[in-house]
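Below is data_9.pdb, holding PDB, C-alpha atoms and all ligand atoms.
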```pdb
ATOM      1  CA  MET A   1     -31.027 -39.685  28.820  1.00  0.00           C
ATOM      2  CA  VAL A   2     -30.475 -39.903  25.090  1.00  0.00           C
ATOM      3  CA  ALA A   3     -30.117 -36.150  24.915  1.00  0.00           C
ATOM      4  CA  THR A   4     -27.590 -36.187  27.749  1.00  0.00           C
ATOM      5  CA  VAL A   5     -25.492 -38.858  26.102  1.00  0.00           C
ATOM      6  CA  TYR A   6     -25.716 -37.047  22.792  1.00  0.00           C
ATOM      7  CA  ALA A   7     -24.619 -33.800  24.409  1.00  0.00           C
ATOM      8  CA  GLY A   8     -21.649 -35.574  25.965  1.00  0.00           C
ATOM      9  CA  ALA A   9     -20.646 -37.096  22.649  1.00  0.00           C
ATOM     10  CA  LEU A  10     -21.014 -33.751  20.934  1.00  0.00           C
ATOM     11  CA  ALA A  11     -18.870 -32.046  23.554  1.00  0.00           C
ATOM     12  CA  ALA A  12     -16.250 -34.777  23.162  1.00  0.00           C
ATOM     13  CA  ALA A  13     -16.194 -34.234  19.408  1.00  0.00           C
ATOM     14  CA  LEU A  14     -15.989 -30.464  19.728  1.00  0.00           C
ATOM     15  CA  PHE A  15     -13.216 -30.522  22.290  1.00  0.00           C
ATOM     16  CA  ALA A  16     -11.256 -33.522  21.048  1.00  0.00           C
ATOM     17  CA  THR A  17      -8.232 -31.334  20.353  1.00  0.00           C
ATOM     18  CA  GLY A  18      -8.405 -29.576  23.738  1.00  0.00           C
ATOM     19  CA  SER A  19      -6.145 -29.851  26.748  1.00  0.00           C
ATOM     20  CA  ALA A  20      -5.452 -33.092  28.605  1.00  0.00           C
ATOM     21  CA  SER A  21      -8.072 -32.210  31.188  1.00  0.00           C
ATOM     22  CA  THR A  22     -10.859 -32.032  28.604  1.00  0.00           C
ATOM     23  CA  PRO A  23     -12.996 -35.173  28.785  1.00  0.00           C
ATOM     24  CA  SER A  24     -12.862 -37.506  25.810  1.00  0.00           C
ATOM     25  CA  PHE A  25     -16.192 -38.886  26.969  1.00  0.00           C
ATOM     26  CA  SER A  26     -18.646 -37.702  29.589  1.00  0.00           C
ATOM     27  CA  LEU A  27     -22.160 -38.512  30.668  1.00  0.00           C
ATOM     28  CA  ASP A  28     -24.489 -37.360  33.412  1.00  0.00           C
ATOM     29  CA  THR A  29     -27.654 -39.377  33.839  1.00  0.00           C
ATOM     30  CA  SER A  30     -30.340 -39.539  36.515  1.00  0.00           C
ATOM     31  CA  GLY A  31     -33.219 -41.869  37.346  1.00  0.00           C
ATOM     32  CA  VAL A  32     -36.042 -42.544  39.790  1.00  0.00           C
ATOM     33  CA  PHE A  33     -36.384 -46.113  41.010  1.00  0.00           C
ATOM     34  CA  THR A  34     -39.506 -48.092  40.151  1.00  0.00           C
ATOM     35  CA  PRO A  35     -40.348 -51.706  41.035  1.00  0.00           C
ATOM     36  CA  SER A  36     -38.900 -54.088  38.476  1.00  0.00           C
ATOM     37  CA  ALA A  37     -42.108 -56.129  38.281  1.00  0.00           C
ATOM     38  CA  LYS A  38     -44.150 -53.104  37.262  1.00  0.00           C
ATOM     39  CA  SER A  39     -41.898 -51.333  34.837  1.00  0.00           C
ATOM     40  CA  ALA A  40     -39.171 -53.374  33.213  1.00  0.00           C
ATOM     41  CA  ALA A  41     -38.775 -50.560  30.693  1.00  0.00           C
ATOM     42  CA  SER A  42     -37.547 -48.145  33.366  1.00  0.00           C
ATOM     43  CA  LYS A  43     -33.807 -47.658  33.532  1.00  0.00           C
ATOM     44  CA  ALA A  44     -33.849 -47.541  37.367  1.00  0.00           C
ATOM     45  CA  LEU A  45     -35.266 -50.726  38.885  1.00  0.00           C
ATOM     46  CA  THR A  46     -35.554 -51.731  42.525  1.00  0.00           C
ATOM     47  CA  TYR A  47     -35.661 -55.375  43.592  1.00  0.00           C
ATOM     48  CA  ASP A  48     -35.725 -54.694  47.341  1.00  0.00           C
ATOM     49  CA  GLN A  49     -38.046 -51.862  48.262  1.00  0.00           C
ATOM     50  CA  LYS A  50     -36.998 -51.907  51.905  1.00  0.00           C
ATOM     51  CA  LEU A  51     -33.442 -50.946  50.960  1.00  0.00           C
ATOM     52  CA  VAL A  52     -34.170 -48.965  47.779  1.00  0.00           C
ATOM     53  CA  PRO A  53     -37.733 -47.592  47.984  1.00  0.00           C
ATOM     54  CA  THR A  54     -39.790 -46.622  44.979  1.00  0.00           C
ATOM     55  CA  GLY A  55     -39.082 -42.962  44.287  1.00  0.00           C
ATOM     56  CA  ALA A  56     -35.466 -43.063  45.453  1.00  0.00           C
ATOM     57  CA  MET A  57     -33.200 -41.125  43.093  1.00  0.00           C
ATOM     58  CA  ILE A  58     -29.845 -41.828  41.512  1.00  0.00           C
ATOM     59  CA  ASN A  59     -27.380 -39.766  39.516  1.00  0.00           C
ATOM     60  CA  VAL A  60     -24.306 -41.190  37.804  1.00  0.00           C
ATOM     61  CA  ARG A  61     -21.571 -39.259  36.039  1.00  0.00           C
ATOM     62  CA  GLN A  62     -18.655 -40.493  33.989  1.00  0.00           C
ATOM     63  CA  GLN A  63     -15.699 -38.465  32.850  1.00  0.00           C
ATOM     64  CA  SER A  64     -13.027 -40.098  30.743  1.00  0.00           C
ATOM     65  CA  LEU A  65      -9.869 -38.225  29.914  1.00  0.00           C
ATOM     66  CA  PRO A  66      -7.669 -38.610  26.817  1.00  0.00           C
ATOM     67  CA  ASN A  67      -4.927 -40.147  29.002  1.00  0.00           C
ATOM     68  CA  GLY A  68      -7.216 -43.106  29.723  1.00  0.00           C
ATOM     69  CA  THR A  69      -8.312 -42.077  33.203  1.00  0.00           C
ATOM     70  CA  THR A  70     -11.952 -42.844  34.007  1.00  0.00           C
ATOM     71  CA  LYS A  71     -13.746 -41.051  36.834  1.00  0.00           C
ATOM     72  CA  ILE A  72     -17.164 -42.198  38.078  1.00  0.00           C
ATOM     73  CA  GLU A  73     -19.389 -40.317  40.510  1.00  0.00           C
ATOM     74  CA  LEU A  74     -22.493 -41.761  42.183  1.00  0.00           C
ATOM     75  CA  ARG A  75     -25.160 -39.865  44.097  1.00  0.00           C
ATOM     76  CA  VAL A  76     -28.296 -41.353  45.635  1.00  0.00           C
ATOM     77  CA  ALA A  77     -31.175 -39.994  47.701  1.00  0.00           C
ATOM     78  CA  GLY A  78     -34.215 -41.507  49.365  1.00  0.00           C
ATOM     79  CA  LEU A  79     -32.470 -44.608  50.690  1.00  0.00           C
ATOM     80  CA  VAL A  80     -32.363 -46.050  54.230  1.00  0.00           C
ATOM     81  CA  PRO A  81     -30.522 -43.607  56.548  1.00  0.00           C
ATOM     82  CA  GLY A  82     -27.210 -44.765  58.000  1.00  0.00           C
ATOM     83  CA  HIS A  83     -26.998 -47.967  55.939  1.00  0.00           C
ATOM     84  CA  GLN A  84     -23.854 -49.274  54.277  1.00  0.00           C
ATOM     85  CA  TYR A  85     -24.540 -50.245  50.689  1.00  0.00           C
ATOM     86  CA  GLY A  86     -22.362 -51.886  48.109  1.00  0.00           C
ATOM     87  CA  ALA A  87     -22.297 -50.688  44.509  1.00  0.00           C
ATOM     88  CA  HIS A  88     -20.473 -51.841  41.402  1.00  0.00           C
ATOM     89  CA  ILE A  89     -20.554 -51.299  37.686  1.00  0.00           C
ATOM     90  CA  HIS A  90     -21.896 -54.400  35.960  1.00  0.00           C
ATOM     91  CA  GLN A  91     -21.592 -55.581  32.366  1.00  0.00           C
ATOM     92  CA  LYS A  92     -25.173 -55.463  31.092  1.00  0.00           C
ATOM     93  CA  ALA A  93     -28.214 -53.231  31.325  1.00  0.00           C
ATOM     94  CA  CYS A  94     -30.770 -53.920  34.066  1.00  0.00           C
ATOM     95  CA  GLY A  95     -33.672 -56.295  33.611  1.00  0.00           C
ATOM     96  CA  VAL A  96     -36.683 -57.640  35.489  1.00  0.00           C
ATOM     97  CA  LYS A  97     -34.442 -60.079  37.347  1.00  0.00           C
ATOM     98  CA  PRO A  98     -31.496 -58.880  39.471  1.00  0.00           C
ATOM     99  CA  ASP A  99     -29.095 -61.216  37.676  1.00  0.00           C
ATOM    100  CA  ASP A 100     -29.925 -59.675  34.286  1.00  0.00           C
ATOM    101  CA  ALA A 101     -27.181 -57.072  34.785  1.00  0.00           C
ATOM    102  CA  GLY A 102     -24.568 -59.807  34.482  1.00  0.00           C
ATOM    103  CA  LYS A 103     -21.214 -59.872  36.226  1.00  0.00           C
ATOM    104  CA  HIS A 104     -19.007 -57.058  37.441  1.00  0.00           C
ATOM    105  CA  TYR A 105     -17.213 -55.123  34.748  1.00  0.00           C
ATOM    106  CA  GLN A 106     -13.509 -55.986  34.954  1.00  0.00           C
ATOM    107  CA  ASP A 107     -10.520 -54.369  33.306  1.00  0.00           C
ATOM    108  CA  LYS A 108      -8.784 -57.758  33.159  1.00  0.00           C
ATOM    109  CA  ALA A 109     -11.000 -60.838  33.423  1.00  0.00           C
ATOM    110  CA  GLY A 110     -10.460 -63.160  36.384  1.00  0.00           C
ATOM    111  CA  THR A 111     -12.165 -64.717  39.392  1.00  0.00           C
ATOM    112  CA  ASP A 112      -9.381 -64.654  41.993  1.00  0.00           C
ATOM    113  CA  ALA A 113      -8.604 -61.940  44.514  1.00  0.00           C
ATOM    114  CA  ALA A 114      -6.116 -60.357  42.112  1.00  0.00           C
ATOM    115  CA  HIS A 115      -9.025 -59.569  39.788  1.00  0.00           C
ATOM    116  CA  VAL A 116     -12.038 -59.216  42.097  1.00  0.00           C
ATOM    117  CA  ASN A 117     -11.136 -55.945  43.806  1.00  0.00           C
ATOM    118  CA  ASN A 118     -11.798 -52.232  43.599  1.00  0.00           C
ATOM    119  CA  LYS A 119      -8.800 -51.586  41.344  1.00  0.00           C
ATOM    120  CA  ASN A 120      -9.746 -54.021  38.569  1.00  0.00           C
ATOM    121  CA  GLU A 121     -13.482 -53.432  38.999  1.00  0.00           C
ATOM    122  CA  VAL A 122     -15.474 -50.278  39.700  1.00  0.00           C
ATOM    123  CA  TRP A 123     -16.783 -50.289  43.268  1.00  0.00           C
ATOM    124  CA  LEU A 124     -18.815 -47.385  44.584  1.00  0.00           C
ATOM    125  CA  ASP A 125     -19.731 -48.615  48.060  1.00  0.00           C
ATOM    126  CA  PHE A 126     -21.253 -45.892  50.225  1.00  0.00           C
ATOM    127  CA  LYS A 127     -22.916 -45.227  53.574  1.00  0.00           C
ATOM    128  CA  THR A 128     -26.012 -43.063  53.589  1.00  0.00           C
ATOM    129  CA  ASP A 129     -26.262 -40.104  55.933  1.00  0.00           C
ATOM    130  CA  ALA A 130     -29.105 -39.384  58.395  1.00  0.00           C
ATOM    131  CA  HIS A 131     -31.276 -38.210  55.482  1.00  0.00           C
ATOM    132  CA  GLY A 132     -30.734 -41.281  53.280  1.00  0.00           C
ATOM    133  CA  ILE A 133     -28.326 -39.492  50.959  1.00  0.00           C
ATOM    134  CA  GLY A 134     -25.155 -41.194  49.786  1.00  0.00           C
ATOM    135  CA  GLN A 135     -22.321 -40.617  47.383  1.00  0.00           C
ATOM    136  CA  ALA A 136     -19.145 -42.227  46.133  1.00  0.00           C
ATOM    137  CA  THR A 137     -16.409 -41.428  43.641  1.00  0.00           C
ATOM    138  CA  THR A 138     -13.836 -43.654  41.977  1.00  0.00           C
ATOM    139  CA  GLN A 139     -11.014 -43.128  39.542  1.00  0.00           C
ATOM    140  CA  HIS A 140      -9.239 -45.721  37.445  1.00  0.00           C
ATOM    141  CA  GLY A 141      -6.273 -45.579  35.099  1.00  0.00           C
ATOM    142  CA  TRP A 142      -8.104 -47.512  32.402  1.00  0.00           C
ATOM    143  CA  ALA A 143     -11.043 -46.993  30.079  1.00  0.00           C
ATOM    144  CA  PHE A 144     -14.133 -49.165  29.602  1.00  0.00           C
ATOM    145  CA  ARG A 145     -14.289 -51.398  26.554  1.00  0.00           C
ATOM    146  CA  LYS A 146     -17.074 -49.888  24.505  1.00  0.00           C
ATOM    147  CA  GLY A 147     -20.501 -51.434  25.126  1.00  0.00           C
ATOM    148  CA  GLN A 148     -19.285 -53.751  27.882  1.00  0.00           C
ATOM    149  CA  ALA A 149     -20.290 -51.704  30.941  1.00  0.00           C
ATOM    150  CA  GLY A 150     -24.070 -51.289  31.087  1.00  0.00           C
ATOM    151  CA  SER A 151     -25.289 -50.652  34.611  1.00  0.00           C
ATOM    152  CA  LEU A 152     -24.637 -49.671  38.192  1.00  0.00           C
ATOM    153  CA  VAL A 153     -25.981 -52.210  40.705  1.00  0.00           C
ATOM    154  CA  ILE A 154     -26.687 -51.262  44.329  1.00  0.00           C
ATOM    155  CA  HIS A 155     -26.168 -54.114  46.791  1.00  0.00           C
ATOM    156  CA  SER A 156     -27.515 -54.724  50.284  1.00  0.00           C
ATOM    157  CA  GLN A 157     -24.039 -54.517  51.834  1.00  0.00           C
ATOM    158  CA  PRO A 158     -20.524 -53.384  50.862  1.00  0.00           C
ATOM    159  CA  GLY A 159     -17.998 -55.563  49.059  1.00  0.00           C
ATOM    160  CA  THR A 160     -19.094 -58.584  47.068  1.00  0.00           C
ATOM    161  CA  LYS A 161     -21.352 -60.432  49.530  1.00  0.00           C
ATOM    162  CA  GLY A 162     -24.528 -58.386  49.333  1.00  0.00           C
ATOM    163  CA  SER A 163     -27.634 -59.234  47.331  1.00  0.00           C
ATOM    164  CA  ARG A 164     -28.724 -57.020  44.444  1.00  0.00           C
ATOM    165  CA  ALA A 165     -31.149 -54.397  45.789  1.00  0.00           C
ATOM    166  CA  ALA A 166     -31.484 -52.170  42.733  1.00  0.00           C
ATOM    167  CA  CYS A 167     -30.055 -51.504  39.277  1.00  0.00           C
ATOM    168  CA  PHE A 168     -29.585 -48.408  37.125  1.00  0.00           C
ATOM    169  CA  SER A 169     -28.885 -48.827  33.411  1.00  0.00           C
ATOM    170  CA  VAL A 170     -26.081 -46.553  32.266  1.00  0.00           C
ATOM    171  CA  PRO A 171     -24.419 -46.675  28.824  1.00  0.00           C
ATOM    172  CA  PHE A 172     -20.877 -46.110  30.130  1.00  0.00           C
ATOM    173  CA  GLY A 173     -18.574 -44.848  27.425  1.00  0.00           C
ATOM    174  CA  GLY A 174     -15.579 -46.673  26.082  1.00  0.00           C
ATOM    175  CA  ALA A 175     -12.144 -45.519  25.044  1.00  0.00           C
ATOM    176  CA  SER A 176     -12.145 -42.911  22.296  1.00  0.00           C
TER
HETATM  177 CU    CU B 201     -22.312 -55.688  41.960  1.00  0.00          CU
END
```
Give the structure from the file, written as structure tokens.
Amino acid sequence: MVATVYAGALAAALFATGSASTPSFSLDTSGVFTPSAKSAASKALTYDQKLVPTGAMINVRQQSLPNGTTKIELRVAGLVPGHQYGAHIHQKACGVKPDDAGKHYQDKAGTDAAHVNNKNEVWLDFKTDAHGIGQATTQHGWAFRKGQAGSLVIHSQPGTKGSRAACFSVPFGGAS
């Protein structure tokens, strides 16, 4: 993961004077879920092995453009077929306890409906196919504040009602 992040940073530095479509920050990181009780050091932790079994895989990509646009792609495999999951970017890295990832990352802080939505937060809800594979993509017109977006949490159901089934630590990149 370190090498991937480093490569992304290096590419950003090399191409900083490129066209508007050249990313100012990019990362591509993958993980295999392990039970949180057994391996707190893992960056992919499952809290609910019925919904996110040990060995399930996740891949997350971020591309941020010089104009401030942030694109996030999520891919998962090995989950329950035909299930609707919720997923959001949270503030902190994952820990042994589901709540360790903290709250949702928000562009503008707030607790009302004007702030808790998929425009001001990064939601990547998805439904798995018959093989347990799922994917989601989002794009926002704003950049993360550096160091304030630390994980992607998979929830038991879409939206904001579901419990936290698994967590993947991702050092999302901030504005350049
Ligand atoms: Cu969440």
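Distances to ligand CU 201 (chain B) were evaluated for A:Asp107, A:Asp99, A:Asp112, A:Asp28 using all atoms listed in the file, and the minimum falls at A:Asp99.
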Could you give me, as JSON lines, every chain A residue with an atom at most 12 Å from ligand CU 201 (chain B), plus its closest atom pair and distance in Å to one decimal, counting all atoms listed in the file, rows ordered by chain then number?
```
{"residue": "A:Tyr85", "atom": "CA", "partner": "B:CU201", "partner_atom": "CU", "distance": 10.5}
{"residue": "A:Gly86", "atom": "CA", "partner": "B:CU201", "partner_atom": "CU", "distance": 7.2}
{"residue": "A:Ala87", "atom": "CA", "partner": "B:CU201", "partner_atom": "CU", "distance": 5.6}
{"residue": "A:His88", "atom": "CA", "partner": "B:CU201", "partner_atom": "CU", "distance": 4.3}
{"residue": "A:Ile89", "atom": "CA", "partner": "B:CU201", "partner_atom": "CU", "distance": 6.4}
{"residue": "A:His90", "atom": "CA", "partner": "B:CU201", "partner_atom": "CU", "distance": 6.2}
{"residue": "A:Gln91", "atom": "CA", "partner": "B:CU201", "partner_atom": "CU", "distance": 9.6}
{"residue": "A:Lys92", "atom": "CA", "partner": "B:CU201", "partner_atom": "CU", "distance": 11.2}
{"residue": "A:Cys94", "atom": "CA", "partner": "B:CU201", "partner_atom": "CU", "distance": 11.7}
{"residue": "A:Pro98", "atom": "CA", "partner": "B:CU201", "partner_atom": "CU", "distance": 10.0}
{"residue": "A:Asp99", "atom": "CA", "partner": "B:CU201", "partner_atom": "CU", "distance": 9.7}
{"residue": "A:Asp100", "atom": "CA", "partner": "B:CU201", "partner_atom": "CU", "distance": 11.5}
{"residue": "A:Ala101", "atom": "CA", "partner": "B:CU201", "partner_atom": "CU", "distance": 8.8}
{"residue": "A:Gly102", "atom": "CA", "partner": "B:CU201", "partner_atom": "CU", "distance": 8.8}
{"residue": "A:Lys103", "atom": "CA", "partner": "B:CU201", "partner_atom": "CU", "distance": 7.2}
{"residue": "A:His104", "atom": "CA", "partner": "B:CU201", "partner_atom": "CU", "distance": 5.8}
{"residue": "A:Tyr105", "atom": "CA", "partner": "B:CU201", "partner_atom": "CU", "distance": 8.9}
{"residue": "A:Gln106", "atom": "CA", "partner": "B:CU201", "partner_atom": "CU", "distance": 11.3}
{"residue": "A:Val116", "atom": "CA", "partner": "B:CU201", "partner_atom": "CU", "distance": 10.9}
{"residue": "A:Asn117", "atom": "CA", "partner": "B:CU201", "partner_atom": "CU", "distance": 11.3}
{"residue": "A:Asn118", "atom": "CA", "partner": "B:CU201", "partner_atom": "CU", "distance": 11.2}
{"residue": "A:Glu121", "atom": "CA", "partner": "B:CU201", "partner_atom": "CU", "distance": 9.6}
{"residue": "A:Val122", "atom": "CA", "partner": "B:CU201", "partner_atom": "CU", "distance": 9.0}
{"residue": "A:Trp123", "atom": "CA", "partner": "B:CU201", "partner_atom": "CU", "distance": 7.8}
{"residue": "A:Leu124", "atom": "CA", "partner": "B:CU201", "partner_atom": "CU", "distance": 9.4}
{"residue": "A:Asp125", "atom": "CA", "partner": "B:CU201", "partner_atom": "CU", "distance": 9.7}
{"residue": "A:Ala149", "atom": "CA", "partner": "B:CU201", "partner_atom": "CU", "distance": 11.9}
{"residue": "A:Gly150", "atom": "CA", "partner": "B:CU201", "partner_atom": "CU", "distance": 11.9}
{"residue": "A:Ser151", "atom": "CA", "partner": "B:CU201", "partner_atom": "CU", "distance": 9.4}
{"residue": "A:Leu152", "atom": "CA", "partner": "B:CU201", "partner_atom": "CU", "distance": 7.5}
{"residue": "A:Val153", "atom": "CA", "partner": "B:CU201", "partner_atom": "CU", "distance": 5.2}
{"residue": "A:Ile154", "atom": "CA", "partner": "B:CU201", "partner_atom": "CU", "distance": 6.7}
{"residue": "A:His155", "atom": "CA", "partner": "B:CU201", "partner_atom": "CU", "distance": 6.4}
{"residue": "A:Ser156", "atom": "CA", "partner": "B:CU201", "partner_atom": "CU", "distance": 9.9}
{"residue": "A:Gln157", "atom": "CA", "partner": "B:CU201", "partner_atom": "CU", "distance": 10.1}
{"residue": "A:Pro158", "atom": "CA", "partner": "B:CU201", "partner_atom": "CU", "distance": 9.4}
{"residue": "A:Gly159", "atom": "CA", "partner": "B:CU201", "partner_atom": "CU", "distance": 8.3}
{"residue": "A:Thr160", "atom": "CA", "partner": "B:CU201", "partner_atom": "CU", "distance": 6.7}
{"residue": "A:Lys161", "atom": "CA", "partner": "B:CU201", "partner_atom": "CU", "distance": 9.0}
{"residue": "A:Gly162", "atom": "CA", "partner": "B:CU201", "partner_atom": "CU", "distance": 8.2}
{"residue": "A:Ser163", "atom": "CA", "partner": "B:CU201", "partner_atom": "CU", "distance": 8.4}
{"residue": "A:Arg164", "atom": "CA", "partner": "B:CU201", "partner_atom": "CU", "distance": 7.0}
{"residue": "A:Ala165", "atom": "CA", "partner": "B:CU201", "partner_atom": "CU", "distance": 9.7}
{"residue": "A:Ala166", "atom": "CA", "partner": "B:CU201", "partner_atom": "CU", "distance": 9.9}
{"residue": "A:Cys167", "atom": "CA", "partner": "B:CU201", "partner_atom": "CU", "distance": 9.2}
{"residue": "A:Phe168", "atom": "CA", "partner": "B:CU201", "partner_atom": "CU", "distance": 11.4}
```
Carefully work through the PyMOL selection byres (((chain A and resi 50) around 9) and not hetatm) for this structure and note down the residues it includes, as a compact mmCIF listing (two decimals) with C-alpha atoms, in the frame of the given file.
```
# COMPACT_ATOMS: atom_id res chain seq x y z
CA ASP A 48 -35.72 -54.69 47.34
CA GLN A 49 -38.05 -51.86 48.26
CA LEU A 51 -33.44 -50.95 50.96
CA VAL A 52 -34.17 -48.96 47.78
CA PRO A 53 -37.73 -47.59 47.98
CA LEU A 79 -32.47 -44.61 50.69
CA VAL A 80 -32.36 -46.05 54.23
CA ALA A 165 -31.15 -54.40 45.79
```
Selection result for the PyMOL selection byres (((chain A and resi 43) around 8) and not hetatm) on this file, as a PyMOL selection string = chain A and resi 31+40-42+44-45+94+167-170
Output of the above residues as a CSV table (one decimal), keeping the file's coordinate frame, restricted to C-alpha atoms:
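Contents of result.csv, freshly written:
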```csv
chain,number,residue,atom,x,y,z
A,31,GLY,CA,-33.2,-41.9,37.3
A,40,ALA,CA,-39.2,-53.4,33.2
A,41,ALA,CA,-38.8,-50.6,30.7
A,42,SER,CA,-37.5,-48.1,33.4
A,44,ALA,CA,-33.8,-47.5,37.4
A,45,LEU,CA,-35.3,-50.7,38.9
A,94,CYS,CA,-30.8,-53.9,34.1
A,167,CYS,CA,-30.1,-51.5,39.3
A,168,PHE,CA,-29.6,-48.4,37.1
A,169,SER,CA,-28.9,-48.8,33.4
A,170,VAL,CA,-26.1,-46.6,32.3
```
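Pairwise distance (CA of Ala143 (chain A), CA of Ser64 (chain A)) equals 7.2 Å.
Separating CA of Ala136 (chain A) from CA of Lys108 (chain A) is a distance of 22.7 Å.
One finds CA of Ala93 (chain A) at 25.6 Å from CA of Pro66 (chain A).
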Exercise for review: Could you state which residues are captured by the PyMOL selection byres (((chain A and resi 25) around 6) and not hetatm) in this file, as an MDAnalysis selection string?
Suggested key: chainID A and resid 12 23:24 26 63:64
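Excluding Gly78 (chain A) itself and any same-chain residue fewer than 2 positions from it, the protein and nucleic acid residues within 8 Å of it, counting all atoms listed in the file, are Val52, Pro53, Gly55, Ala56, Met57, Val76, Val80, His131, Gly132 and Ile133 of chain A.
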Residues near His83 (chain A), anyone? I mean within 6 Å using all atoms listed in the file, not counting same-chain ones fewer than 2 positions away, as a list in words. Val80, Pro81, Lys127 and Thr128 of chain A
So which residues touch Leu74 (chain A) within 7 Å, counting only C-alpha atoms, skipping near sequence neighbours fewer than 5 positions away, as an mmCIF file with C-alpha atoms, keeping the file's coordinate frame?
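Final output, saved to result-v5.cif:
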```cif
data_model
loop_
_atom_site.group_PDB
_atom_site.id
_atom_site.type_symbol
_atom_site.label_atom_id
_atom_site.label_comp_id
_atom_site.auth_asym_id
_atom_site.auth_seq_id
_atom_site.Cartn_x
_atom_site.Cartn_y
_atom_site.Cartn_z
ATOM 1 C CA ASN A 59 -27.380 -39.766 39.516
ATOM 2 C CA VAL A 60 -24.306 -41.190 37.804
ATOM 3 C CA ARG A 61 -21.571 -39.259 36.039
ATOM 4 C CA GLN A 135 -22.321 -40.617 47.383
ATOM 5 C CA ALA A 136 -19.145 -42.227 46.133
ATOM 6 C CA THR A 137 -16.409 -41.428 43.641
#
```
Counting only C-alpha atoms, closest pick from A:Trp142, A:Phe33, A:Tyr47, A:Phe126 relative to Lys71 (chain A) is A:Trp142
Closest of A:Gly110, A:Gly174, A:Lys119, A:Ala130 to Lys146 (chain A), counting all atoms listed in the file, is A:Gly174
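Minimum atom-to-atom distances from A:Thr29, A:His115, A:Asp129, A:Gly147 to Ile72 (chain A) were compared using only C-alpha atoms, and the lowest value belongs to A:Thr29.
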